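First the structure, in the form of structure tokens, and then the observations on it.
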Amino acid sequence: MKKGRIVALLLLLILGVFVTTQAAFGQTAINVLGTWGGSELEIFQKIADAAGVKVNFNTTRELDAALTTAVQTNNMPDIAILPNPAKLQELAKQGVLKPLTYMPQSDLKNYEQTWIDLGSYGGKLYGVYFKVANKSVVWYNPKTFKANGWTVPKTWNELLELNKKIVASGKTPWSIGADIGWPLTDWVENIMVRTAGPDVYAKWYNHEIPWTDPKVKEAFMTWGQIVGNPKNLAGGISGTLDATNTFQNAAIAVFQENPKAYMYYEGDFIGGIVTSMLPNVKPGVDIDFFAFPPINPEFGTPVVGGADVFVAFSDKPEVQKLMKYIASVEGNTLAAKNGFLSQNKAVPLSAYPNDTLRNSAKILTSAKVYVFDASDMMPSAVGNQGGFWDKCKEFLANPAKIDTILAEMEKLAQQNY
Amino acid sequence: MNTRNKVAHGFGRLSVNVTLGILVIMWLLPTFMLVVSSFRPVGDMMSSGWWSAFMHPERFTLGNYQLVLTSKGIGTSFINSLIITIPSTILPILLGALAAFPLAFSKFPGRKGFFITLIAMQIVPLQVVLIPVLLLLMGLNLNGTFPGVWLTHTAFGLPLCIYIFRNFFAQMPYSLIEAARIDGANNLQIFFRLLVPMAKPAFASMAIFQFLWVWNDMLVALFVLNNSALNPVTVKLSSLLGSLDAGWEIMTPAALLSMLLPVTIFLLFQKYYVRGILAGSVKG
Amino acid sequence: MTRHKRTGDLKPMTRKRTGGLKSKHLYAYLWMAPAIILIFFFLVLPTFQTVKLSLYEKISFSEREARELLQSELQNIKGAEVSLSDRIHEISGWEQAVARIEDQYGVAVAYEDVGANMTVKQTAELLTLTVNQALRQESSGVGPQRFVGLKNYMRMVDDPEMKVALRNNLYWLALFTTLTIIAGMVIAVLSDKVRWGKLAKTIIFVPMAISGAAGGVIWYFMYQKDVNTGTINAIIHLFNPQFEGIAFLGEANLVTFALIAVGVWMQVGFCTVLFSAALQSVPVELIEMACIEGANSFQIFFRIELPYIWSTVVLVITQMIMWVLKVFDIVFTMTHGGPYGASEVIANRIYRTDFNLGDFNYGSAMAVVLFIAIIPVLILNIRNLSREESIRE
């Protein structure tokens with residue numbers, strides 16, 4: 001019996017070595033690192049197949065750690081899909097990215113200059129943006145709105161009026177998923193670009209104006225008109241800040257059978273998340289969105305967006321092939337067909353599989369002002385955890401501390417730019 | 001056992017049962033909740049408590065399990081997990097027992113220093129030494145291979161293994177070993193013929209510890225293997241989640257499934273486990 | 001004992017052929033060799049590197065430096081204010097300005113890379129990139145470093161987040177260690193007195209087999225604030241219909257305790273099993289004797305059982321302290337240290353500092369603080385070893 005066990009173990013060892021060496025033989029595949037998993041990953045595989053490139057995709061929720069380790073040990077993947085431009089800048093600055101000098105002009109001309117600039121460093125293109133999100137939409141249930149006689153607000157004041165009306169009827173207007181902080185920063189960013197305008201907004205994330213600037217405080221205080229009153233928030237302040245109150249949980253709370261709140265602000269991807277978890281919720285019937293309303297009429301209704309960006313650490317022919325395909329009309333159309341929003345102007349709206357996505361795409365490509373998610377533009381020590389994310393939570397917990405909070409942000413910014 | 005039960009006076013038998021009962025329920029409840037939740041649709045999980053599932057038994061579903069078990073490559077990842085776990089469990093135990101033998105029975109110079117190092121090294125968190133370890137593996141050309149993972153797990157499991165084995169061996173009746181020496185047995189013979197059979201409980205208990213640790217590990221697999229074809233179950237499951245998914249429908253059955261093997265092994269080895277660790281710690 | 005002495009004399013005699021005292025110990029080193037080699041290369045050496053890193057600082061060329069340098073060089077040449085958005089080719093003699101910076105850092109930028117429509121800012125970016133690339137090439141591994149002494153440690157002193165992390169680690173140390181030991185002991189003693197004791201112990205042990213990530217999933221559902229979904233709040237609601245729920249993971253002064261509870265839930269099984277096993281080893285005669293003398297259960301436990309199993313208690317305490325000092329999984333999967341850093345612990349801070357912010361020097365200094373914290377545990381164990389050996393002599 002003992003011998004049997006040993007034999008079994010030896011067999012497993014041999015199998016292990018076999019699998020190892022087999023993997024070593026399949027070296028023609030290129031390594032791609034990213035946070036994509038599940039259906040996103042399936043779509044990406046389709047795109048890679050269409051490009052004719054074999055891909056070994058490593059999914060990680062700890063992309064920062066994986067990239068830091070890769071750079072430190074000089075063992076980089078061939079391509080990485082980054083969620084923020086700041087990371088692209090950081091990697092480019094370190095000189096570990098390969099410039100995409102091989103990109104055909106005929107493909108690049110399908111992108112607005114903003115996108116080229118966001119992907120460039122030191123005058124060279126390093127990244128192609130892919131799978132864009134429109135983060136300037138507010139989600140609501142049209143049925144409930146109709147039943148209660150509420151109408152979609154067209155301005156910030158109308159939004160505040162509606163807010164008041166909902167509270168007066170003994171209900172809670174908002175569900176906000178603080179999650180680890182980024183949904184809160186998205187709120188502030190949308191308000192900032194509407195109250196201060198896109199130019200000041202850019203100065204803000206480049207740290208050309210200090211955090212203590214009155215414009216920044218104004219944005220926070222405007223936000224405070226909603227989050228300053230616990231009655232406006234499902235679960236109150238502590239319930240909003242709770243770690244179990246993820247952005248998905250908070251979204252579900254608006255569309256479940258007994259809704260806890262009636263409005264939810266976050267990007268266009270929320271629709272898909274909600275309908276996949278609550279199969280009874282029908283898009284356009286039980287769930288829909290309106291544009292984040294304008295505040296200062298001078299600046300209208302800008303779109304704050306996010307996007308993933310492909311960067312390359314090597315020049316292998318397969319890498320070039322895939323990067324070119326990612327920027328091509330064909331690649332973007334295929335992505336659109338599978339439900340990824342594309343900012344490539346040559347992608348026909350008819351490519352999208354449904355009206356919700358088509359509407360999002362329309363808003364995105366026709367937006368007069370498109371600005372990138374500011375927290376993604378700031379160095380991560382400033383824009384993410386320990387910085388902007390956490391400070392928004394602190395503001396929520398104690399709005400009176402606003403001056404201290406902004407002073408602390410300013411200190412952090414001075415250390416990290 | 002019987003004598004002991006008789007001794008239990010003073011405490012009312014009922015109050016002992018009730019107190020322990022409450023504690024056990026407290027410990028069981030979260031796991032029970034996980035079991036129930038894993039059979040519910042994800043929307044229900046998020047919008048109502050698990051107890052309300054019993055009011056709508058028709059809503060129970062196997063869908064979550066189906067989702068996990070039929071996902072592409074899950075079988076391979078299970079085999080990968082075994083390939084990673086088995087050598088990573090055997091190696092540190094074997095090497096640890098070998099090292100513990102002289103540490104327990106010989107007074108060689110440097111013994112105390114080694115012992116102190118052993119204890120101190122148990123505090124080192126993996127994330128602190130990750131980069132040097134990766135650089136070392138790259139130098140050995142073992143980065144991204146199973147042997148690289150085996151070595152890493154072995155090195156990180158060794159200090160505790162040696163520590164426990166040394167304590168265990170030190171408790172063995174010394175007269176037996178002397179007797180064997182007089183009969184002309186050398187150290188190797190003493191180790192394999194005498195100590196190993198006697199130390200079976202210690203081996204079993206360390207096996208469970210090491211198995212649990214490696215089986216549930218994600219960090220080493222993620223950073224050392226860095227290759228989706230070689231990923232163990234833990235890493236594979238996390239790749240089933242989209243970057244924006246809440247993923248409860250995958251996480252709940254996955255948590256239960258990943259518990260199954262370690263818990264089974266624990267139940268099988270439970271009696272050894274108790275005796276093994278005990279002998280390593282209790283001074284006779 | 002006398003027999004021991006005799007064999008001690010015997011050993012060198014049988015071994016004499018192979019060469020005296022030294023070869024007697026040779027086998028010891030040989031047997032330990034694989035373990036020593038692995039521990040040395042995977043743990044000891046990296047630990048020394050960590051200590052070294054904590055005394056150094058990364059050298060990098062920041063974009064701000066490049067910008068300010070280039071701007072001032074250009075202004076010197078032009079004799080007028082230069083804005084970052086100016087096109088560099090429009091400033092005559094820009095090549096000299098770039099060349100001067102290149103000389104200073106010993107790098108070369110290809111002039112054809114400085115495109116005709118590039119701005120001053122973009123040129124500064126190009127310089128940053130080139131200098132950093134050169135710095136990277138001349139040093140391997142962690143990148144170029146400069147010795148700074150205790151600077152990283154001084155940074156900790158006025159780092160408010162570090163204070164929170166230290167405080168939380170102390171909470172963990174005090175509460176988690178006490179609770180696991182006491183709960184483990186209570187469960188062990190009680191399960192010893194009932195017929196279903198083995199089942200009880202198994203149930204208590206099950207959470208040990210659960211990974212940190214899975215544990216996180218479970219407690220997400222336990223801790224939700226809503227009384228309709230959060231298990232704990234629902235139970236309280238059952239007794240008090242007015243109750244609106246507590247945000248266990250949302251209140252800054254509650255969150256650490258909520259996480260400690262999860263830790264206790266996961267680790268008590270370890271203590272229980274050890275204690276219960278140790279209690280089994282207490283000779284029944286001792287207890288019976290005490291019974292005859294009229295001692296009650298409490299007296300038996302504190303006067304006889306507890307002293308008898310004391311060394312097990314020490315071992316368990318050691319293991320729990322080791323575990324709690326590097327507690328990471330639970331905090332990381334459940335709160336990421338939030339809300340706004342309120343549940344931060346040192347191990348999580350190290351991870352973030354090293355991998356999210358890429359500051360391995362500061363992260364290493366934190367790790368060294370963690371190492372220092374185990375010195376008392378080491379002393380405890382060394383004393384134990386000496387005592388053991390004096391008994392065996």
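Chain labels follow the order of the structure tokens: the first chain is A, the next B, and so on; residue numbering restarts at 1 in every chain, and ligands are counted from 1 in their shown order.
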For this session: For chain C, list the residues within 7 Å of chain A, counting only C-alpha atoms, and write the list as a VMD selection string.
Result: chain C and resid 118 122 to 123 125 to 126 128 to 130 132 to 133 141 to 142 220 224 to 225 247 249 to 251 334 to 335 339 to 340 355 to 358
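When atom CA of Ala70 of chain A is paired with atom CA of Asn56 of chain A, their separation reads 15.7 Å.
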List every residue of segment 192-270 of chain B that has an atom at most 6 Å from any atom of segment 32-52 of chain B, and for each one report the closest atom pair and its distance in Å to one decimal, counting only C-alpha atoms, with rows sorted by chain and then by increasing residue number, as a tab-separated table.
residue	atom	partner	partner_atom	distance
B:Glu249	CA	B:Val42	CA	5.3
B:Thr252	CA	B:Ser38	CA	4.9
B:Pro253	CA	B:Ser38	CA	5.1
Go ahead and save the residues from that selection, with N, CA and C atoms, as a short mmCIF file (atom, residue, chain, number, x, y, z; two decimals), in the first residue's frame.
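This went into selection34.cif:
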data_model
loop_
_atom_site.label_atom_id
_atom_site.label_comp_id
_atom_site.auth_asym_id
_atom_site.auth_seq_id
_atom_site.Cartn_x
_atom_site.Cartn_y
_atom_site.Cartn_z
N GLU B 249 -21.38 35.13 -6.91
CA GLU B 249 -21.86 33.87 -7.46
C GLU B 249 -20.70 32.91 -7.71
N THR B 252 -18.81 32.36 -3.56
CA THR B 252 -19.44 31.51 -2.54
C THR B 252 -19.22 30.02 -2.82
N PRO B 253 -19.55 29.51 -4.03
CA PRO B 253 -19.26 28.09 -4.22
C PRO B 253 -17.76 27.81 -4.20
#
Exercise. Skipping near chain neighbours, those fewer than 4 positions away, what residues fall within 7 Å of segment 52-64 of chain C using only C-alpha atoms, listed as a ChimeraX atom specification?
Worked result: /C:48,68,124-125,128,131-132,144-150,152,361-362,364-365
I need the residues from that last selection saved to file as a PDB file, in the first residue's frame (with N, CA, C and O atoms), if you can.
ATOM      1  N   PHE C  48      18.204  40.153   5.623  1.00  0.00           N
ATOM      2  CA  PHE C  48      19.312  41.112   5.712  1.00  0.00           C
ATOM      3  C   PHE C  48      19.174  42.205   4.660  1.00  0.00           C
ATOM      4  O   PHE C  48      19.425  43.375   4.903  1.00  0.00           O
ATOM      5  N   GLU C  68      12.438  71.783 -14.252  1.00  0.00           N
ATOM      6  CA  GLU C  68      13.044  72.997 -13.704  1.00  0.00           C
ATOM      7  C   GLU C  68      14.433  73.233 -14.286  1.00  0.00           C
ATOM      8  O   GLU C  68      14.809  74.354 -14.629  1.00  0.00           O
ATOM      9  N   ALA C 124      11.304  67.753 -21.497  1.00  0.00           N
ATOM     10  CA  ALA C 124      11.672  67.413 -20.123  1.00  0.00           C
ATOM     11  C   ALA C 124      11.288  65.979 -19.812  1.00  0.00           C
ATOM     12  O   ALA C 124      12.034  65.247 -19.150  1.00  0.00           O
ATOM     13  N   GLU C 125      10.120  65.569 -20.328  1.00  0.00           N
ATOM     14  CA  GLU C 125       9.693  64.187 -20.117  1.00  0.00           C
ATOM     15  C   GLU C 125      10.679  63.208 -20.765  1.00  0.00           C
ATOM     16  O   GLU C 125      11.058  62.197 -20.172  1.00  0.00           O
ATOM     17  N   THR C 128      13.716  62.971 -18.626  1.00  0.00           N
ATOM     18  CA  THR C 128      13.434  62.155 -17.436  1.00  0.00           C
ATOM     19  C   THR C 128      13.571  60.689 -17.762  1.00  0.00           C
ATOM     20  O   THR C 128      14.249  59.930 -17.066  1.00  0.00           O
ATOM     21  N   VAL C 131      17.249  59.615 -18.558  1.00  0.00           N
ATOM     22  CA  VAL C 131      18.111  59.531 -17.374  1.00  0.00           C
ATOM     23  C   VAL C 131      17.726  58.323 -16.526  1.00  0.00           C
ATOM     24  O   VAL C 131      18.580  57.558 -16.079  1.00  0.00           O
ATOM     25  N   ASN C 132      16.421  58.129 -16.326  1.00  0.00           N
ATOM     26  CA  ASN C 132      15.992  56.993 -15.511  1.00  0.00           C
ATOM     27  C   ASN C 132      16.367  55.663 -16.140  1.00  0.00           C
ATOM     28  O   ASN C 132      16.732  54.723 -15.441  1.00  0.00           O
ATOM     29  N   PRO C 144      18.840  52.062  -8.401  1.00  0.00           N
ATOM     30  CA  PRO C 144      19.898  52.829  -7.739  1.00  0.00           C
ATOM     31  C   PRO C 144      19.478  53.318  -6.354  1.00  0.00           C
ATOM     32  O   PRO C 144      18.352  53.746  -6.161  1.00  0.00           O
ATOM     33  N   GLN C 145      20.402  53.217  -5.397  1.00  0.00           N
ATOM     34  CA  GLN C 145      20.095  53.534  -4.007  1.00  0.00           C
ATOM     35  C   GLN C 145      21.161  54.451  -3.417  1.00  0.00           C
ATOM     36  O   GLN C 145      22.305  54.421  -3.839  1.00  0.00           O
ATOM     37  N   ARG C 146      20.741  55.235  -2.441  1.00  0.00           N
ATOM     38  CA  ARG C 146      21.729  56.035  -1.707  1.00  0.00           C
ATOM     39  C   ARG C 146      21.499  55.858  -0.211  1.00  0.00           C
ATOM     40  O   ARG C 146      20.360  55.739   0.238  1.00  0.00           O
ATOM     41  N   PHE C 147      22.621  55.776   0.532  1.00  0.00           N
ATOM     42  CA  PHE C 147      22.543  55.532   1.970  1.00  0.00           C
ATOM     43  C   PHE C 147      21.981  56.760   2.673  1.00  0.00           C
ATOM     44  O   PHE C 147      22.440  57.876   2.442  1.00  0.00           O
ATOM     45  N   VAL C 148      20.981  56.562   3.535  1.00  0.00           N
ATOM     46  CA  VAL C 148      20.411  57.717   4.240  1.00  0.00           C
ATOM     47  C   VAL C 148      20.323  57.497   5.748  1.00  0.00           C
ATOM     48  O   VAL C 148      19.676  58.255   6.449  1.00  0.00           O
ATOM     49  N   GLY C 149      20.945  56.439   6.243  1.00  0.00           N
ATOM     50  CA  GLY C 149      20.909  56.199   7.682  1.00  0.00           C
ATOM     51  C   GLY C 149      19.508  55.885   8.171  1.00  0.00           C
ATOM     52  O   GLY C 149      18.809  55.073   7.581  1.00  0.00           O
ATOM     53  N   LEU C 150      19.112  56.566   9.221  1.00  0.00           N
ATOM     54  CA  LEU C 150      17.827  56.252   9.857  1.00  0.00           C
ATOM     55  C   LEU C 150      16.669  57.089   9.321  1.00  0.00           C
ATOM     56  O   LEU C 150      15.596  57.109   9.915  1.00  0.00           O
ATOM     57  N   ASN C 152      14.483  56.779   7.019  1.00  0.00           N
ATOM     58  CA  ASN C 152      13.197  56.102   6.832  1.00  0.00           C
ATOM     59  C   ASN C 152      12.495  55.842   8.161  1.00  0.00           C
ATOM     60  O   ASN C 152      11.277  55.829   8.232  1.00  0.00           O
ATOM     61  N   ASN C 361      12.070  51.132   0.317  1.00  0.00           N
ATOM     62  CA  ASN C 361      12.917  51.545   1.437  1.00  0.00           C
ATOM     63  C   ASN C 361      12.087  51.807   2.686  1.00  0.00           C
ATOM     64  O   ASN C 361      12.392  51.297   3.761  1.00  0.00           O
ATOM     65  N   TYR C 362      11.041  52.580   2.508  1.00  0.00           N
ATOM     66  CA  TYR C 362      10.174  52.884   3.649  1.00  0.00           C
ATOM     67  C   TYR C 362       9.456  51.615   4.111  1.00  0.00           C
ATOM     68  O   TYR C 362       9.364  51.343   5.312  1.00  0.00           O
ATOM     69  N   SER C 364      10.537  48.627   3.918  1.00  0.00           N
ATOM     70  CA  SER C 364      11.498  47.780   4.623  1.00  0.00           C
ATOM     71  C   SER C 364      11.694  48.253   6.054  1.00  0.00           C
ATOM     72  O   SER C 364      11.828  47.443   6.974  1.00  0.00           O
ATOM     73  N   ALA C 365      11.717  49.565   6.240  1.00  0.00           N
ATOM     74  CA  ALA C 365      11.866  50.095   7.596  1.00  0.00           C
ATOM     75  C   ALA C 365      10.700  49.622   8.466  1.00  0.00           C
ATOM     76  O   ALA C 365      10.892  49.236   9.628  1.00  0.00           O
TER      77      ALA C 365
END
Problem set entry | Neighbour list for Glu244 of chain C as a list in words, cut-off 10 Å, only C-alpha atoms, skip fewer than 6 positions in-chain | Gly235 of chain A; Lys225, Asp226, Val227, Asn233, Ala234, Ile236 and His237 of chain C
Using only N, CA and C atoms, please write the residues we just selected to a file, as a CSV table (one decimal), in the first residue's frame.
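Writing the result to selection07.csv gives the following:
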chain,number,residue,atom,x,y,z
A,235,GLY,N,-28.6,53.9,4.3
A,235,GLY,CA,-27.7,53.4,5.3
A,235,GLY,C,-27.0,54.5,6.0
C,225,LYS,N,-24.7,46.1,7.0
C,225,LYS,CA,-25.4,47.0,7.9
C,225,LYS,C,-26.9,46.8,7.9
C,226,ASP,N,-27.4,46.5,6.7
C,226,ASP,CA,-28.9,46.3,6.5
C,226,ASP,C,-29.4,45.1,7.3
C,227,VAL,N,-30.4,45.4,8.1
C,227,VAL,CA,-30.9,44.3,9.0
C,227,VAL,C,-31.6,43.2,8.1
C,233,ASN,N,-26.7,41.9,12.3
C,233,ASN,CA,-27.6,42.9,12.5
C,233,ASN,C,-29.1,42.4,12.5
C,234,ALA,N,-29.3,41.4,11.7
C,234,ALA,CA,-30.6,40.8,11.7
C,234,ALA,C,-30.9,40.1,13.0
C,236,ILE,N,-29.8,40.9,16.0
C,236,ILE,CA,-30.1,42.0,16.9
C,236,ILE,C,-31.5,42.5,16.7
C,237,HIS,N,-31.8,42.7,15.4
C,237,HIS,CA,-33.1,43.2,15.0
C,237,HIS,C,-34.2,42.3,15.5
Problem set entry | helix (DSSP H, G or I) call set, DSSP backbone run, segment 70-161 of chain C, as an NGL selection string | :C and (70-78 or 88-90 or 94-105 or 111-113 or 120-138 or 151-157 or 160-161)
Problem set entry | Residue contacts of segment 237-243 of chain B (6 Å, only C-alpha atoms) excluding same-chain residues fewer than 6 positions away, as a VMD selection string | chain A and resid 35 to 38 59
Exercise. Counting only C-alpha atoms, what is within 12 Å of Pro109 of chain B, bar same-chain residues fewer than 2 positions away, as a PyMOL selection string?
Worked result: (chain B and resi 102-103+106-107+111-115) or (chain C and resi 21-22+24-26+28-29)
For this session: For Ala255 of chain B, please output as a VMD selection string all residues within 12 Å (counting only C-alpha atoms; exclusion window: fewer than 6 positions along the same chain).
Result: (chain B and resid 31 33 to 35 37 to 38 64 to 65 68 216 233 to 234 237 to 238 247 to 249 261 to 262) or (chain C and resid 207 209 to 218)
Resulting file, chosen residues, C-alpha atoms, as an mmCIF file, in the first residue's frame:
data_model
loop_
_atom_site.group_PDB
_atom_site.id
_atom_site.type_symbol
_atom_site.label_atom_id
_atom_site.label_comp_id
_atom_site.auth_asym_id
_atom_site.auth_seq_id
_atom_site.Cartn_x
_atom_site.Cartn_y
_atom_site.Cartn_z
ATOM 1 C CA THR B 31 -19.985 28.574 7.409
ATOM 2 C CA MET B 33 -24.519 30.833 5.861
ATOM 3 C CA LEU B 34 -21.913 30.299 3.169
ATOM 4 C CA VAL B 35 -23.397 26.906 2.305
ATOM 5 C CA SER B 37 -25.786 31.391 0.040
ATOM 6 C CA SER B 38 -23.832 29.356 -2.456
ATOM 7 C CA ASN B 64 -23.348 28.929 -9.126
ATOM 8 C CA TYR B 65 -21.664 25.551 -8.852
ATOM 9 C CA VAL B 68 -17.543 27.371 -11.419
ATOM 10 C CA ASN B 216 -4.969 28.177 0.158
ATOM 11 C CA VAL B 233 -7.456 26.611 -8.302
ATOM 12 C CA THR B 234 -7.147 29.701 -6.097
ATOM 13 C CA LEU B 237 -11.077 31.133 -9.557
ATOM 14 C CA SER B 238 -10.119 34.753 -9.112
ATOM 15 C CA GLY B 247 -18.457 37.918 -8.062
ATOM 16 C CA TRP B 248 -20.427 36.501 -5.141
ATOM 17 C CA GLU B 249 -21.865 33.872 -7.463
ATOM 18 C CA LEU B 261 -10.227 18.892 0.514
ATOM 19 C CA PRO B 262 -8.446 20.476 3.499
ATOM 20 C CA PRO C 207 -12.603 27.878 9.878
ATOM 21 C CA ALA C 209 -9.196 25.426 6.669
ATOM 22 C CA ILE C 210 -10.733 28.492 5.080
ATOM 23 C CA SER C 211 -8.500 30.789 3.074
ATOM 24 C CA GLY C 212 -8.322 34.477 3.884
ATOM 25 C CA ALA C 213 -10.207 35.339 0.714
ATOM 26 C CA ALA C 214 -13.018 32.901 1.475
ATOM 27 C CA GLY C 215 -13.184 34.142 5.039
ATOM 28 C CA GLY C 216 -13.621 37.629 3.635
ATOM 29 C CA VAL C 217 -16.595 36.488 1.563
ATOM 30 C CA ILE C 218 -18.271 34.947 4.588
#
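Proximity to chain B was assessed for C:Tyr111, C:Tyr105, C:Phe248, C:Phe221 counting only C-alpha atoms; the smallest distance is recorded for C:Phe221.
Between chain A and the residues B:Asp245, B:Asp183, B:Glu58, B:Glu178, the shortest atom-to-atom distance, using only C-alpha atoms, involves B:Asp245.
Shortest separation to Phe275 of chain C among C:Thr333, C:Ser83, C:Asn296, C:Thr180 occurs at residue C:Thr180, atoms counted being only C-alpha atoms.
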Exercise. To one decimal place, how far is atom CA of Ala179 of chain B from atom CA of Pro34 of chain C in Å?
Worked result: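 Atom-to-atom, atom CA of Ala179 of chain B and atom CA of Pro34 of chain C are spaced 28.6 Å apart.
DSSP secondary structure from the backbone places Val55, Asn56, Phe57, Asn58, Thr59, Ile79, Ala80, Ile81, Leu82, Ser120, Tyr121, Lys124, Leu125, Gly127, Val128, Tyr129, Phe130, Lys131, Val132, Ala133, Asn134, Val137, Val138, Trp139 and Tyr140 of chain A of segment 48-149 of chain A in strand (DSSP E or B).
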Problem set entry | Distance in Å - atom CA of Gln122 of chain B versus atom CA of Thr145 of chain B | 25.0 Å
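Closest approach to chain B among A:Gly267, A:Gly197, A:Gly305, A:Gly149: A:Gly267, based on only C-alpha atoms.
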